[in-house]
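Asks: Sharing a structure, written as structure tokens. Questions coming.
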Amino acid sequence: MTMAMTDSKPRGDVFLTHFERFENNGGPDWLASLRRSAMTRFAELGFPTVKDEEWRFTNLSPVARRAFESAPDGDETVSPEFIARFRYDDHALRLVILNGRFSRRLSHFSAAPSGVTVTSLSLALRQHGEIVKSHLAKHASIVDDAFTALNTALMTDGALVYVPRGVVLEQPIEILYVATGGDTEWAAHPRTLIVVEENAQAGIVESYVGDSPTAYFMNPVTEIVAGAASVIDHVRVTQETDKACHVGVQQLRQLRNSTVRSTNLTFGGGLVRQDVNTLLDGEGCNCVLNGLTLGRGRQHVDNHLRITHAKPHCDSREFYKGVYDGKSSGVFSGRIMVHQGAQKTDAKQTNMNLLLSGEAHVDSKPQLEIFADDVKCTHGATIGQLDDNAVFYLRSRGIPQDAARDLLVQAFAADIVKRMALSGVKSSMDQWVTTWLSEDVVPQEVV
């Protein structure tokens with residue numbers, strides 16, 4: 001298969017080379033055809049630049065200028081002790097994906113209830129092909145997003161979670177993506193597919209961690225389908241190294257009367273871009289998107305949210321907070337779109353940012369696009385520093401300056417953490433916030 005990148009977009013030909021080596025690796029005919037279509041579309045789109053409105057605050061040259069190799073095999077380099085650091089619930093089912101490839105040695109999912117499928121995507125293609133075919137790439141579109149197209153073309157493995165109709169999972173499911181090892185710069189494209197059917201309920205933790213000594217590019221895509229009257233509690237955690245370029249897409253589709261609560265926590269990564277797209281595709285849906293970013297050094301974190309109200313009588317809430325220290329920078333772009341027929345929509349969007357340094361910077365862009373006339377929609381954004389009066393009050397009670405600062409930051413962040421329904425994750429995230437505050441980090445060049 002021969003393709004050429006568009007002349008107007010940055011370098012991406014290295015991924016065309018990856019695809020030429022990869023496309024004949026087997027798999028069903030429908031998947032091979034999907035991969036070819038996705039790679040063709042990536043070649044047409046190329047990498048976005050700061051001239052593209054949706055990317056004008058995020059410079060992708062750290063990705064576009066590099067000649068990434070395929071991800072190395074890291075299975076023998078990761079110990080169970082390292083994995084245990086990122087375990088949130090001792091009773092959880094667990095899938096571990098190392099550098100985009102399933103690790104049976106470190107995973108534990110054999111205790112899944114009858115009818116529930118928790119497995120790697122590569123195994124699912126062989127054993128649960130109809131489920132995968134029915135949903136893979138049906139929700140996250142390759143048409144407009146270059147990174148979704150690239151992931152679809154080059155995904156080697158990932159996770160499938162399937163909860164059938166009426167099943168309520170008592171224990172959460174943890175999907176851990178680990179970036180490790182490598183002597184050269186490398187890229188991985190993991191894929192996650194989560195399907196929770198009618199009247200079913202599940203809690204899922206999707207986390208990305210890294211200890212790779214080299215620069216790497218993590219390009220994950222997650223598709224989540226919430227069936228009618230289902231309930232999903234979803235948490236996504238990013239704790240990668242300052243050498244990581246992480247560009248992730250989460251596509252969520254909700255059907256009638258479903259409830260989804262999704263929390264996005266970003267504590268690491270050099271350049272991080274996360275797109276969270278939600279389609280409320282049935283009456284009576286309820287969607288809650290919460291997020292917390294802790295940035296320091298020279299980190300750059302870009303959160304892009306889009307909620308589309310396609311049907312009437314749906315509620316949505318977005319509440320994202322950011323704390324930025326050192327020379328870090330952040331972006332929040334949130335868009336609520338209400339279609340003409342989506343009457344009785346109730347939507348609220350809030351973004352709050354705290355700057356701990358005179359060199360930290362945030363761009364916030366909340367947006368509403370409303371084509372219905374019987375709705376209740378609001379949005380707001382704030383960017384500020386610590387309240388001097390609050391600091392003075394704490395110091396007047398004998399609390400030192402640094403301790404007073406940490407108490408106020410922790411209270412600011414805890415407002416997001418306490419909203420999570422998964423108790424094990426909530427406790428762990430409280431500890432991660434405390435650890436982040438206690439670390440002294442010298443700004444380094446990112447990726």
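Ligands are numbered from 1 in the order shown, chains are lettered A, B, ... in the order of the structure tokens, and residues start at 1 in each chain.
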Need to verify the contact set: Ser423 (chain A), 12 Å, only C-alpha atoms, exclusion of same-chain residues closer than 4 positions in sequence. Can you return it as a PDB file with N, CA and C atoms, in the first residue's frame?
Replies:
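Result file is selection-v1.pdb:
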```pdb
ATOM      1  N   TYR A  88      -5.651   0.254  42.737  1.00  0.00           N
ATOM      2  CA  TYR A  88      -6.556   1.080  43.525  1.00  0.00           C
ATOM      3  C   TYR A  88      -7.528   0.267  44.365  1.00  0.00           C
ATOM      4  N   ASP A  89      -7.787  -0.972  43.980  1.00  0.00           N
ATOM      5  CA  ASP A  89      -8.734  -1.807  44.705  1.00  0.00           C
ATOM      6  C   ASP A  89      -8.223  -3.243  44.654  1.00  0.00           C
ATOM      7  N   ASP A  90      -8.004  -3.849  45.831  1.00  0.00           N
ATOM      8  CA  ASP A  90      -7.441  -5.199  45.891  1.00  0.00           C
ATOM      9  C   ASP A  90      -8.342  -6.245  45.257  1.00  0.00           C
ATOM     10  N   GLN A 171     -17.270  -5.436  41.748  1.00  0.00           N
ATOM     11  CA  GLN A 171     -15.882  -4.989  41.821  1.00  0.00           C
ATOM     12  C   GLN A 171     -15.533  -4.156  40.589  1.00  0.00           C
ATOM     13  N   PRO A 172     -14.646  -3.164  40.756  1.00  0.00           N
ATOM     14  CA  PRO A 172     -14.256  -2.352  39.597  1.00  0.00           C
ATOM     15  C   PRO A 172     -13.314  -3.113  38.668  1.00  0.00           C
ATOM     16  N   GLY A 203     -17.926  -0.072  37.154  1.00  0.00           N
ATOM     17  CA  GLY A 203     -16.933   0.939  37.515  1.00  0.00           C
ATOM     18  C   GLY A 203     -15.615   0.575  36.846  1.00  0.00           C
ATOM     19  N   VAL A 205     -11.529   1.892  35.835  1.00  0.00           N
ATOM     20  CA  VAL A 205     -10.399   2.797  35.989  1.00  0.00           C
ATOM     21  C   VAL A 205      -9.421   2.541  34.854  1.00  0.00           C
ATOM     22  N   ASP A 233     -19.366   4.358  36.057  1.00  0.00           N
ATOM     23  CA  ASP A 233     -18.432   5.241  36.747  1.00  0.00           C
ATOM     24  C   ASP A 233     -17.051   4.987  36.155  1.00  0.00           C
ATOM     25  N   VAL A 235     -13.022   6.430  35.472  1.00  0.00           N
ATOM     26  CA  VAL A 235     -11.931   7.312  35.889  1.00  0.00           C
ATOM     27  C   VAL A 235     -10.758   7.096  34.945  1.00  0.00           C
ATOM     28  N   VAL A 417     -11.753  15.384  43.597  1.00  0.00           N
ATOM     29  CA  VAL A 417     -11.521  14.008  44.049  1.00  0.00           C
ATOM     30  C   VAL A 417     -12.725  13.472  44.818  1.00  0.00           C
ATOM     31  N   LYS A 418     -13.308  14.287  45.670  1.00  0.00           N
ATOM     32  CA  LYS A 418     -14.407  13.807  46.517  1.00  0.00           C
ATOM     33  C   LYS A 418     -15.665  13.480  45.723  1.00  0.00           C
ATOM     34  N   ARG A 419     -15.762  13.933  44.504  1.00  0.00           N
ATOM     35  CA  ARG A 419     -16.938  13.658  43.678  1.00  0.00           C
ATOM     36  C   ARG A 419     -16.920  12.271  43.045  1.00  0.00           C
ATOM     37  N   SER A 427      -9.404   7.414  47.488  1.00  0.00           N
ATOM     38  CA  SER A 427      -8.367   7.404  48.518  1.00  0.00           C
ATOM     39  C   SER A 427      -6.974   7.526  47.907  1.00  0.00           C
ATOM     40  N   SER A 428      -6.733   6.796  46.808  1.00  0.00           N
ATOM     41  CA  SER A 428      -5.418   6.849  46.148  1.00  0.00           C
ATOM     42  C   SER A 428      -5.143   8.234  45.574  1.00  0.00           C
ATOM     43  N   MET A 429      -6.157   8.873  44.994  1.00  0.00           N
ATOM     44  CA  MET A 429      -5.946  10.187  44.398  1.00  0.00           C
ATOM     45  C   MET A 429      -5.669  11.253  45.456  1.00  0.00           C
ATOM     46  N   ASP A 430      -6.277  11.128  46.628  1.00  0.00           N
ATOM     47  CA  ASP A 430      -5.938  12.026  47.738  1.00  0.00           C
ATOM     48  C   ASP A 430      -4.453  11.921  48.064  1.00  0.00           C
TER      49      ASP A 430
END
```
Asks: Which polymer residues have any atom within 9 Å of an atom of region 283-285 of chain A, counting only C-alpha atoms, with same-chain residues fewer than 2 positions away left out, as a JSON list (two decimals) with C-alpha atoms, in the first residue's frame?
Replies:
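Here's the written file out.json:
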```
[["chain", "number", "residue", "atom", "x", "y", "z"],
["A", 228, "ALA", "CA", -30.28, 2.24, 27.98],
["A", 229, "ALA", "CA", -30.66, 2.81, 31.76],
["A", 254, "GLN", "CA", -25.08, 7.36, 25.85],
["A", 255, "LEU", "CA", -28.46, 5.81, 25.13],
["A", 256, "ARG", "CA", -31.83, 6.47, 26.77],
["A", 257, "ASN", "CA", -31.84, 7.13, 30.57],
["A", 258, "SER", "CA", -28.19, 6.15, 30.98],
["A", 259, "THR", "CA", -25.91, 7.76, 33.56],
["A", 260, "VAL", "CA", -22.17, 8.24, 33.09],
["A", 280, "LEU", "CA", -26.22, 12.10, 24.45],
["A", 281, "ASP", "CA", -28.15, 9.98, 21.98],
["A", 287, "CYS", "CA", -23.61, 12.95, 31.99],
["A", 310, "ALA", "CA", -28.87, 15.27, 20.41],
["A", 311, "LYS", "CA", -32.10, 14.30, 22.23],
["A", 312, "PRO", "CA", -34.43, 16.11, 24.66],
["A", 313, "HIS", "CA", -34.60, 15.95, 28.47],
["A", 314, "CYS", "CA", -30.87, 15.34, 29.04],
["A", 315, "ASP", "CA", -28.64, 16.81, 31.75],
["A", 316, "SER", "CA", -24.88, 17.39, 31.59],
["A", 342, "ALA", "CA", -32.97, 18.67, 22.18]]
```
Asks: Taking a cut-off of 10 Å and counting only C-alpha atoms, can you build a table that, for each residue of region 36-72 of chain A near region 237-249 of chain A, reports the nearest atom pair and how far apart they are in Å (one decimal), sorted by chain then residue number, as a tab-separated table?
Replies:
```
residue	atom	partner	partner_atom	distance
A:Leu60	CA	A:Cys245	CA	9.0
A:Pro62	CA	A:Cys245	CA	7.5
A:Val63	CA	A:Cys245	CA	6.9
```
Asks: By how many Å are CA of Leu437 (chain A) and CA of Ala215 (chain A) apart?
Replies: 25.1 Å
Asks: Using only C-alpha atoms, can you tell me which of A:His139, A:Arg85, A:His234, A:Arg36 comes closest to Thr263 (chain A)?
Replies: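 Looking at the shortest contact to Thr263 (chain A), the residue is A:His234.
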Asks: I'd like the neighbourhood of Ile175 (chain A) as a PyMOL selection string, where a residue qualifies if any of its atoms comes within 7 Å (using only C-alpha atoms), though same-chain residues fewer than 4 positions away should be ignored.
Replies: chain A and resi 94-96+205-207
